[in-house]
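Asks: My structure is in protein_35.cif, and what it holds is mmCIF, C-alpha atoms:
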data_model
#
loop_
_atom_site.label_atom_id
_atom_site.label_comp_id
_atom_site.auth_asym_id
_atom_site.auth_seq_id
_atom_site.Cartn_x
_atom_site.Cartn_y
_atom_site.Cartn_z
CA MET M 1 -257.74 -77.17 -82.54
CA MET M 2 -254.62 -77.50 -84.63
CA ASN M 3 -252.19 -80.32 -85.21
CA VAL M 4 -249.07 -80.59 -87.36
CA LYS M 5 -247.80 -84.02 -88.32
CA THR M 6 -244.42 -84.04 -90.02
CA GLU M 7 -242.60 -86.64 -92.05
CA ARG M 8 -239.08 -86.36 -93.39
CA MET M 9 -238.15 -87.66 -96.83
CA GLY M 10 -234.44 -86.99 -97.17
CA ASP M 11 -234.02 -83.24 -97.53
CA VAL M 12 -237.75 -82.68 -98.06
CA LEU M 13 -240.04 -82.15 -95.09
CA SER M 14 -243.74 -82.80 -95.35
CA ALA M 15 -246.11 -81.23 -92.82
CA ASP M 16 -249.77 -82.29 -92.66
CA VAL M 17 -251.70 -79.48 -91.01
CA GLU M 18 -255.02 -80.36 -89.42
CA GLY M 19 -257.74 -78.12 -87.98
CA ARG M 20 -257.49 -74.35 -87.98
CA ILE M 21 -254.75 -71.73 -87.91
CA ASP M 22 -256.01 -68.52 -86.36
CA GLY M 23 -255.01 -65.79 -83.96
CA SER M 24 -255.39 -68.11 -80.98
CA ASN M 25 -252.94 -70.82 -82.07
CA VAL M 26 -250.67 -69.27 -84.69
CA VAL M 27 -247.68 -69.18 -82.32
CA GLN M 28 -248.09 -72.90 -81.69
CA PHE M 29 -248.21 -73.46 -85.48
CA GLU M 30 -245.06 -71.41 -86.10
CA GLU M 31 -243.16 -73.22 -83.36
CA ALA M 32 -244.26 -76.66 -84.54
CA VAL M 33 -242.99 -75.93 -88.05
CA ARG M 34 -239.82 -74.13 -87.04
CA ALA M 35 -238.79 -76.94 -84.70
CA VAL M 36 -238.60 -79.52 -87.51
CA ILE M 37 -237.10 -77.52 -90.39
CA GLU M 38 -233.40 -78.19 -90.78
CA ASN M 39 -230.81 -75.91 -92.38
CA SER M 40 -230.08 -78.54 -95.01
CA ASP M 41 -233.74 -78.83 -96.11
CA ARG M 42 -234.38 -78.22 -99.79
CA ALA M 43 -238.15 -77.97 -99.57
CA VAL M 44 -241.09 -78.02 -97.18
CA ILE M 45 -244.47 -79.26 -98.39
CA MET M 46 -247.44 -78.13 -96.32
CA ASN M 47 -250.39 -80.42 -96.87
CA PHE M 48 -253.64 -78.56 -96.16
CA GLU M 49 -256.02 -81.41 -96.91
CA LYS M 50 -257.34 -81.32 -93.34
CA LEU M 51 -257.01 -77.57 -92.79
CA VAL M 52 -260.52 -76.18 -92.32
CA TYR M 53 -259.82 -72.53 -91.57
CA ILE M 54 -257.07 -69.95 -91.80
CA SER M 55 -257.03 -66.26 -90.87
CA SER M 56 -254.53 -63.53 -91.73
CA ALA M 57 -252.52 -64.51 -88.64
CA GLY M 58 -251.96 -67.91 -90.27
CA LEU M 59 -251.13 -66.32 -93.63
CA ARG M 60 -248.50 -64.17 -91.97
CA ALA M 61 -246.93 -67.25 -90.36
CA ILE M 62 -246.80 -68.96 -93.76
CA LEU M 63 -245.26 -65.89 -95.39
CA LEU M 64 -242.60 -65.71 -92.67
CA THR M 65 -241.84 -69.42 -93.10
CA ALA M 66 -241.50 -68.93 -96.88
CA LYS M 67 -239.20 -65.94 -96.36
CA SER M 68 -236.95 -67.81 -93.96
CA LEU M 69 -236.80 -70.87 -96.25
CA GLN M 70 -235.90 -68.62 -99.17
CA LYS M 71 -232.88 -67.39 -97.21
CA GLN M 72 -231.56 -70.96 -97.05
CA ASP M 73 -232.35 -71.49 -100.77
CA ALA M 74 -235.25 -73.77 -99.93
CA LYS M 75 -238.82 -73.71 -101.19
CA LEU M 76 -242.22 -73.80 -99.53
CA LEU M 77 -244.87 -75.74 -101.47
CA LEU M 78 -248.54 -76.08 -100.59
CA CYS M 79 -250.95 -78.85 -101.56
CA SER M 80 -254.54 -80.08 -101.24
CA LEU M 81 -256.27 -76.77 -100.41
CA SER M 82 -260.05 -76.79 -100.03
CA ASP M 83 -262.00 -74.28 -102.16
CA ARG M 84 -262.48 -71.95 -99.18
CA ILE M 85 -258.82 -71.99 -98.16
CA ARG M 86 -257.72 -71.61 -101.77
CA GLU M 87 -259.88 -68.50 -102.14
CA VAL M 88 -258.21 -66.93 -99.09
CA PHE M 89 -254.78 -67.62 -100.61
CA GLU M 90 -255.84 -66.19 -103.97
CA ILE M 91 -257.32 -63.01 -102.49
CA SER M 92 -254.08 -62.51 -100.58
CA GLY M 93 -252.01 -63.05 -103.73
CA PHE M 94 -250.22 -65.98 -102.08
CA ASP M 95 -251.03 -68.21 -105.07
CA LYS M 96 -248.61 -66.01 -107.04
CA ILE M 97 -245.71 -66.31 -104.60
CA LEU M 98 -246.10 -69.95 -103.51
CA PRO M 99 -246.54 -73.04 -105.68
CA ILE M 100 -249.89 -74.70 -104.94
CA HIS M 101 -250.35 -78.33 -106.01
CA ALA M 102 -253.47 -80.48 -106.16
CA THR M 103 -251.90 -83.36 -104.22
CA LYS M 104 -248.82 -84.11 -102.16
CA ASP M 105 -247.61 -86.48 -104.91
CA ASP M 106 -247.81 -83.64 -107.44
CA ALA M 107 -245.81 -81.41 -105.11
CA LEU M 108 -243.16 -84.11 -104.69
CA ALA M 109 -243.04 -84.75 -108.43
CA SER M 110 -242.47 -81.03 -109.09
CA LEU M 111 -239.32 -81.21 -106.96
CA GLU M 112 -237.90 -84.05 -109.00
CA SER M 113 -238.14 -82.33 -112.37
CA MET E 1 -288.28 -62.53 -92.91
CA THR E 2 -285.73 -60.71 -90.84
CA ALA E 3 -283.87 -62.16 -87.89
CA GLU E 4 -281.77 -60.12 -85.53
CA PHE E 5 -279.09 -61.21 -83.15
CA SER E 6 -276.49 -59.40 -81.19
CA LEU E 7 -273.40 -60.44 -79.38
CA LEU E 8 -271.64 -58.64 -76.59
CA LEU E 9 -267.94 -59.38 -76.25
CA SER E 10 -265.15 -57.79 -74.29
CA ALA E 11 -261.97 -56.69 -76.01
CA THR E 12 -259.78 -59.63 -74.95
CA HIS E 13 -258.21 -62.47 -76.94
CA ASP E 14 -260.16 -64.98 -74.87
CA ASP E 15 -263.45 -63.82 -76.30
CA ILE E 16 -262.53 -64.89 -79.82
CA VAL E 17 -263.74 -68.41 -78.90
CA LYS E 18 -267.09 -66.98 -77.79
CA LEU E 19 -267.34 -65.14 -81.11
CA TYR E 20 -266.82 -68.40 -83.07
CA GLU E 21 -269.26 -70.39 -80.98
CA GLU E 22 -272.05 -67.82 -81.12
CA LEU E 23 -271.50 -67.26 -84.82
CA GLU E 24 -271.66 -70.99 -85.56
CA ALA E 25 -274.89 -71.36 -83.61
CA PHE E 26 -276.49 -68.38 -85.39
CA ALA E 27 -275.31 -69.62 -88.80
CA LYS E 28 -276.95 -72.97 -88.12
CA ARG E 29 -280.25 -71.44 -86.95
CA GLU E 30 -280.35 -69.14 -89.97
CA GLY E 31 -279.21 -71.72 -92.52
CA TRP E 32 -276.23 -69.76 -93.87
CA THR E 33 -274.22 -71.48 -96.58
CA SER E 34 -270.82 -72.77 -95.52
CA LYS E 35 -269.22 -70.05 -97.66
CA VAL E 36 -271.11 -67.24 -95.92
CA GLU E 37 -270.28 -68.75 -92.54
CA PHE E 38 -266.57 -69.15 -93.41
CA ASP E 39 -266.26 -65.61 -94.79
CA LEU E 40 -268.00 -64.04 -91.80
CA LYS E 41 -265.92 -65.95 -89.26
CA LEU E 42 -262.77 -64.81 -90.99
CA VAL E 43 -263.83 -61.18 -91.37
CA LEU E 44 -265.13 -60.86 -87.82
CA GLU E 45 -262.02 -62.50 -86.36
CA GLU E 46 -259.82 -60.06 -88.29
CA LEU E 47 -261.79 -57.01 -87.16
CA PHE E 48 -262.19 -58.18 -83.56
CA ILE E 49 -258.45 -58.94 -83.20
CA ASN E 50 -257.64 -55.51 -84.64
CA ILE E 51 -259.77 -53.92 -81.92
CA VAL E 52 -258.12 -56.03 -79.20
CA ASP E 53 -254.56 -55.48 -80.48
CA TYR E 54 -254.69 -51.88 -81.66
CA GLY E 55 -257.81 -50.30 -80.14
CA ASP E 56 -256.10 -49.47 -76.86
CA CYS E 57 -259.29 -50.41 -75.02
CA PRO E 58 -258.59 -53.69 -73.14
CA GLY E 59 -261.64 -55.36 -71.64
CA THR E 60 -264.16 -52.79 -72.91
CA PRO E 61 -267.39 -53.94 -74.60
CA VAL E 62 -267.50 -54.78 -78.30
CA ARG E 63 -270.98 -55.22 -79.69
CA ILE E 64 -271.65 -57.11 -82.90
CA ALA E 65 -275.22 -56.85 -84.21
CA PHE E 66 -276.48 -59.03 -87.07
CA THR E 67 -279.53 -58.47 -89.22
CA SER E 68 -280.21 -61.51 -91.35
CA GLU E 69 -282.52 -61.00 -94.33
CA GLN E 70 -283.34 -63.36 -97.15
CA ASP E 71 -280.77 -61.98 -99.57
CA ARG E 72 -278.24 -60.25 -97.34
CA LEU E 73 -276.66 -60.02 -93.93
CA THR E 74 -275.84 -56.71 -92.31
CA ILE E 75 -273.41 -56.62 -89.43
CA GLU E 76 -272.55 -53.64 -87.27
CA ILE E 77 -269.51 -53.72 -85.00
CA SER E 78 -269.22 -51.02 -82.35
CA ASP E 79 -266.25 -50.52 -80.07
CA SER E 80 -264.88 -47.75 -77.88
CA GLY E 81 -261.28 -48.10 -79.04
CA ARG E 82 -259.26 -45.27 -80.50
CA PRO E 83 -260.66 -43.97 -83.80
CA PHE E 84 -259.81 -46.49 -86.51
CA ASN E 85 -261.28 -46.42 -89.97
CA PRO E 86 -260.11 -49.56 -91.75
CA LEU E 87 -261.12 -48.01 -95.07
CA VAL E 88 -258.32 -45.45 -94.83
CA ASP E 89 -256.13 -46.24 -91.81
CA ALA E 90 -254.91 -49.76 -92.68
CA PRO E 91 -251.73 -50.22 -94.74
CA GLU E 92 -252.46 -51.17 -98.35
CA VAL E 93 -251.46 -54.61 -99.53
CA ASP E 94 -249.71 -55.07 -102.85
CA THR E 95 -250.55 -58.66 -103.77
CA SER E 96 -248.30 -58.58 -106.82
CA LEU E 97 -244.98 -58.32 -104.95
CA PRO E 98 -242.54 -61.25 -104.76
CA ILE E 99 -242.00 -63.10 -101.45
CA GLU E 100 -238.98 -61.08 -100.38
CA ASP E 101 -240.84 -57.78 -100.77
CA ARG E 102 -244.20 -58.80 -99.30
CA THR E 103 -244.88 -57.23 -95.92
CA ILE E 104 -246.98 -58.81 -93.22
CA GLY E 105 -249.31 -55.93 -92.34
CA GLY E 106 -252.72 -55.07 -93.74
CA LEU E 107 -253.72 -58.57 -94.87
CA GLY E 108 -256.64 -58.82 -92.46
CA VAL E 109 -258.32 -55.63 -93.63
CA HIS E 110 -257.57 -56.60 -97.25
CA LEU E 111 -259.51 -59.85 -96.70
CA VAL E 112 -262.39 -57.90 -95.12
CA HIS E 113 -262.71 -55.70 -98.23
CA LYS E 114 -262.53 -58.62 -100.64
CA LEU E 115 -264.95 -60.92 -98.80
CA MET E 116 -267.66 -58.38 -97.95
CA ASP E 117 -269.91 -56.60 -100.43
CA GLU E 118 -269.99 -53.32 -98.53
CA VAL E 119 -267.87 -51.85 -95.74
CA ASN E 120 -268.79 -48.51 -94.16
CA TYR E 121 -267.26 -46.69 -91.23
CA ARG E 122 -268.39 -43.82 -89.06
CA ARG E 123 -267.18 -42.36 -85.79
CA ASP E 124 -270.12 -41.85 -83.47
CA GLY E 125 -269.14 -39.94 -80.32
CA ASP E 126 -266.67 -42.24 -78.56
CA LEU E 127 -267.52 -45.25 -80.70
CA ASN E 128 -266.19 -46.75 -83.90
CA ARG E 129 -269.12 -48.10 -85.91
CA LEU E 130 -268.28 -50.38 -88.78
CA THR E 131 -271.08 -51.73 -90.96
CA LEU E 132 -270.59 -54.73 -93.22
CA VAL E 133 -272.96 -56.12 -95.82
CA LYS E 134 -272.67 -59.65 -97.19
CA SER E 135 -274.89 -60.96 -99.97
CA ARG E 136 -276.36 -64.40 -99.32
CA ASN E 137 -276.80 -65.13 -103.02
CA GLU E 138 -273.45 -66.72 -103.83
#
What is this structure when it is put down as structure tokens?

Replies:
Amino acid sequence: MMNVKTERMGDVLSADVEGRIDGSNVVQFEEAVRAVIENSDRAVIMNFEKLVYISSAGLRAILLTAKSLQKQDAKLLLCSLSDRIREVFEISGFDKILPIHATKDDALASLES
Amino acid sequence: MTAEFSLLLSATHDDIVKLYEELEAFAKREGWTSKVEFDLKLVLEELFINIVDYGDCPGTPVRIAFTSEQDRLTIEISDSGRPFNPLVDAPEVDTSLPIEDRTIGGLGVHLVHKLMDEVNYRRDGDLNRLTLVKSRNE
């Protein structure tokens, strides 16, 4: 089960991801995100508060999203990772290439400064 | 006390759901911590999908045998796919590279190494046999 709920705040897109991203639904996840990102977006915030599981298939999708955003000079930010999910990101070294914030408000505030 | 459990899957994407369900039920019966359960789900999904995607053995049996002891879990995965030793055959991941230079391969096996305490491989006739050990004292 996986659900992506998006909200647009000007040129910042917020995506609340719920459930799990694994080999069985990663294509659905990629399409859901790609469909809402616009060329003029400055940043995408993925809120993982309700994400309970992610496998390497999900990590690859996030890396590809970050790469494609970088090409349009936009950033991918992550927030509200559980301890388990955070460990997976750290082991993969993704905490060094993507900003991870404690809350969505923190992520938004970082864009203003 | 030692508990044993084994799971017979076929090398298809559909069986990933069966793997999760059986693993969850066994974790509950055996009282695994949520961390052990999370790590094993992730590691077994990665290895199972590798067999399905790269083993060149569609629909053949994949057996996963668990031995659950007080302080550790031992898991053996056997499949009849082409010889694949994740200890040497998977691309290495450089986790220090910037976004533009990071490649997408090898992450699954990297996670397996980091989340398990021991990983051993042997080729046994026509079978790949991969043994994993996970400490329960974390």

Asks: Quick one, how far is CA of Leu59 in chain M from CA of Ser14 in chain M?

Replies: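 Straight-line distance from CA of Leu59 in chain M to CA of Ser14 in chain M works out to 18.1 Å.
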
Asks: Enumerate, as a PyMOL selection string, the residues matched when the PyMOL selection byres ((chain E) within 9 of (chain M)) is run on the file above.

Replies: chain E and resi 13-14+16-17+35+38-39+42-43+45-46+49+93-100+102-111+114-115

Asks: What's the separation between CA of Asn50 in chain E and CA of Ser10 in chain E, in Å to one decimal place?

Replies: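 That distance, rounded to one decimal, is 13.0 Å.
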
Asks: If you count all atoms listed in the file, which residues fall within 9 Å of Leu77 in chain M, apart from same-chain ones fewer than 2 positions away, as a VMD selection string?

Replies: chain M and resid 43 to 47 66 75 79 98 to 101 107

Asks: Write out as a ChimeraX atom specification the residues lying within 9 Å of Thr74 in chain E, counting all atoms listed in the file and excluding same-chain residues fewer than 3 positions away.

Replies: /E:65-69,131-135

Asks: Please write the residues from the selection above to a file, keeping C-alpha atoms, as a short mmCIF file (atom, residue, chain, number, x, y, z; two decimals), in the frame of the given file.

Replies:
data_model
loop_
_atom_site.label_atom_id
_atom_site.label_comp_id
_atom_site.auth_asym_id
_atom_site.auth_seq_id
_atom_site.Cartn_x
_atom_site.Cartn_y
_atom_site.Cartn_z
CA ALA E 65 -275.22 -56.85 -84.21
CA PHE E 66 -276.48 -59.03 -87.07
CA THR E 67 -279.53 -58.47 -89.22
CA SER E 68 -280.21 -61.51 -91.35
CA GLU E 69 -282.52 -61.00 -94.33
CA THR E 131 -271.08 -51.73 -90.96
CA LEU E 132 -270.59 -54.73 -93.22
CA VAL E 133 -272.96 -56.12 -95.82
CA LYS E 134 -272.67 -59.65 -97.19
CA SER E 135 -274.89 -60.96 -99.97
#

Asks: Identify which of the residues E:Gly81, E:Pro61, E:Gly31, E:Pro86 lies closest to Val119 in chain E, counting only C-alpha atoms when measuring atom-to-atom distances.

Replies: E:Pro86

Asks: Starting from the sparse input, extend range 105-116 of chain E to all heavy atoms and give the output as an mmCIF file, in the coordinates of the input.

Replies:
data_model
loop_
_atom_site.group_PDB
_atom_site.id
_atom_site.type_symbol
_atom_site.label_atom_id
_atom_site.label_comp_id
_atom_site.auth_asym_id
_atom_site.auth_seq_id
_atom_site.Cartn_x
_atom_site.Cartn_y
_atom_site.Cartn_z
ATOM 1 N N GLY E 105 -248.178 -56.704 -92.854
ATOM 2 C CA GLY E 105 -249.310 -55.930 -92.340
ATOM 3 C C GLY E 105 -250.433 -55.773 -93.355
ATOM 4 O O GLY E 105 -250.232 -55.945 -94.554
ATOM 5 N N GLY E 106 -251.621 -55.468 -92.866
ATOM 6 C CA GLY E 106 -252.720 -55.070 -93.740
ATOM 7 C C GLY E 106 -253.510 -56.202 -94.381
ATOM 8 O O GLY E 106 -254.552 -55.960 -94.991
ATOM 9 N N LEU E 107 -253.026 -57.452 -94.216
ATOM 10 C CA LEU E 107 -253.720 -58.570 -94.870
ATOM 11 C C LEU E 107 -255.145 -58.773 -94.359
ATOM 12 O O LEU E 107 -256.051 -59.086 -95.134
ATOM 13 C CB LEU E 107 -252.943 -59.869 -94.647
ATOM 14 C CG LEU E 107 -252.022 -60.331 -95.765
ATOM 15 C CD1 LEU E 107 -251.356 -61.640 -95.356
ATOM 16 C CD2 LEU E 107 -252.797 -60.529 -97.066
ATOM 17 N N GLY E 108 -255.319 -58.604 -93.055
ATOM 18 C CA GLY E 108 -256.640 -58.820 -92.460
ATOM 19 C C GLY E 108 -257.687 -57.892 -93.063
ATOM 20 O O GLY E 108 -258.747 -58.334 -93.514
ATOM 21 N N VAL E 109 -257.368 -56.606 -93.098
ATOM 22 C CA VAL E 109 -258.320 -55.630 -93.630
ATOM 23 C C VAL E 109 -258.521 -55.846 -95.140
ATOM 24 O O VAL E 109 -259.629 -55.696 -95.670
ATOM 25 C CB VAL E 109 -257.850 -54.187 -93.317
ATOM 26 C CG1 VAL E 109 -258.682 -53.161 -94.071
ATOM 27 C CG2 VAL E 109 -257.943 -53.920 -91.817
ATOM 28 N N HIS E 110 -257.463 -56.263 -95.826
ATOM 29 C CA HIS E 110 -257.570 -56.600 -97.250
ATOM 30 C C HIS E 110 -258.608 -57.711 -97.454
ATOM 31 O O HIS E 110 -259.464 -57.628 -98.337
ATOM 32 C CB HIS E 110 -256.187 -57.033 -97.748
ATOM 33 C CG HIS E 110 -256.147 -57.479 -99.174
ATOM 34 N ND1 HIS E 110 -256.196 -56.594 -100.234
ATOM 35 C CD2 HIS E 110 -256.082 -58.719 -99.729
ATOM 36 C CE1 HIS E 110 -256.152 -57.279 -101.372
ATOM 37 N NE2 HIS E 110 -256.076 -58.566 -101.090
ATOM 38 N N LEU E 111 -258.547 -58.744 -96.604
ATOM 39 C CA LEU E 111 -259.510 -59.850 -96.700
ATOM 40 C C LEU E 111 -260.936 -59.347 -96.427
ATOM 41 O O LEU E 111 -261.886 -59.769 -97.082
ATOM 42 C CB LEU E 111 -259.150 -60.963 -95.713
ATOM 43 C CG LEU E 111 -257.930 -61.809 -96.084
ATOM 44 C CD1 LEU E 111 -257.466 -62.642 -94.888
ATOM 45 C CD2 LEU E 111 -258.247 -62.742 -97.253
ATOM 46 N N VAL E 112 -261.064 -58.445 -95.450
ATOM 47 C CA VAL E 112 -262.390 -57.900 -95.120
ATOM 48 C C VAL E 112 -262.991 -57.228 -96.363
ATOM 49 O O VAL E 112 -264.145 -57.487 -96.738
ATOM 50 C CB VAL E 112 -262.292 -56.876 -93.965
ATOM 51 C CG1 VAL E 112 -263.622 -56.151 -93.757
ATOM 52 C CG2 VAL E 112 -261.856 -57.565 -92.668
ATOM 53 N N HIS E 113 -262.212 -56.394 -97.033
ATOM 54 C CA HIS E 113 -262.710 -55.700 -98.230
ATOM 55 C C HIS E 113 -263.113 -56.666 -99.317
ATOM 56 O O HIS E 113 -264.122 -56.482 -99.988
ATOM 57 C CB HIS E 113 -261.621 -54.774 -98.790
ATOM 58 C CG HIS E 113 -261.522 -53.482 -98.044
ATOM 59 N ND1 HIS E 113 -262.512 -52.530 -98.090
ATOM 60 C CD2 HIS E 113 -260.573 -53.006 -97.224
ATOM 61 C CE1 HIS E 113 -262.160 -51.516 -97.325
ATOM 62 N NE2 HIS E 113 -260.988 -51.777 -96.785
ATOM 63 N N LYS E 114 -262.286 -57.701 -99.524
ATOM 64 C CA LYS E 114 -262.530 -58.620 -100.640
ATOM 65 C C LYS E 114 -263.704 -59.562 -100.366
ATOM 66 O O LYS E 114 -264.370 -60.000 -101.299
ATOM 67 C CB LYS E 114 -261.269 -59.439 -100.941
ATOM 68 C CG LYS E 114 -260.113 -58.600 -101.423
ATOM 69 C CD LYS E 114 -260.365 -58.113 -102.842
ATOM 70 C CE LYS E 114 -259.194 -57.295 -103.346
ATOM 71 N NZ LYS E 114 -259.446 -56.739 -104.673
ATOM 72 N N LEU E 115 -263.922 -59.909 -99.101
ATOM 73 C CA LEU E 115 -264.950 -60.920 -98.800
ATOM 74 C C LEU E 115 -266.316 -60.323 -98.507
ATOM 75 O O LEU E 115 -267.322 -61.026 -98.553
ATOM 76 C CB LEU E 115 -264.495 -61.809 -97.634
ATOM 77 C CG LEU E 115 -263.280 -62.700 -97.920
ATOM 78 C CD1 LEU E 115 -262.806 -63.405 -96.654
ATOM 79 C CD2 LEU E 115 -263.612 -63.743 -98.994
ATOM 80 N N MET E 116 -266.375 -59.023 -98.222
ATOM 81 C CA MET E 116 -267.660 -58.380 -97.950
ATOM 82 C C MET E 116 -268.106 -57.578 -99.174
ATOM 83 O O MET E 116 -267.286 -57.127 -99.963
ATOM 84 C CB MET E 116 -267.545 -57.447 -96.733
ATOM 85 C CG MET E 116 -267.256 -58.161 -95.427
ATOM 86 S SD MET E 116 -268.649 -59.190 -94.834
ATOM 87 C CE MET E 116 -267.958 -60.829 -95.020
#
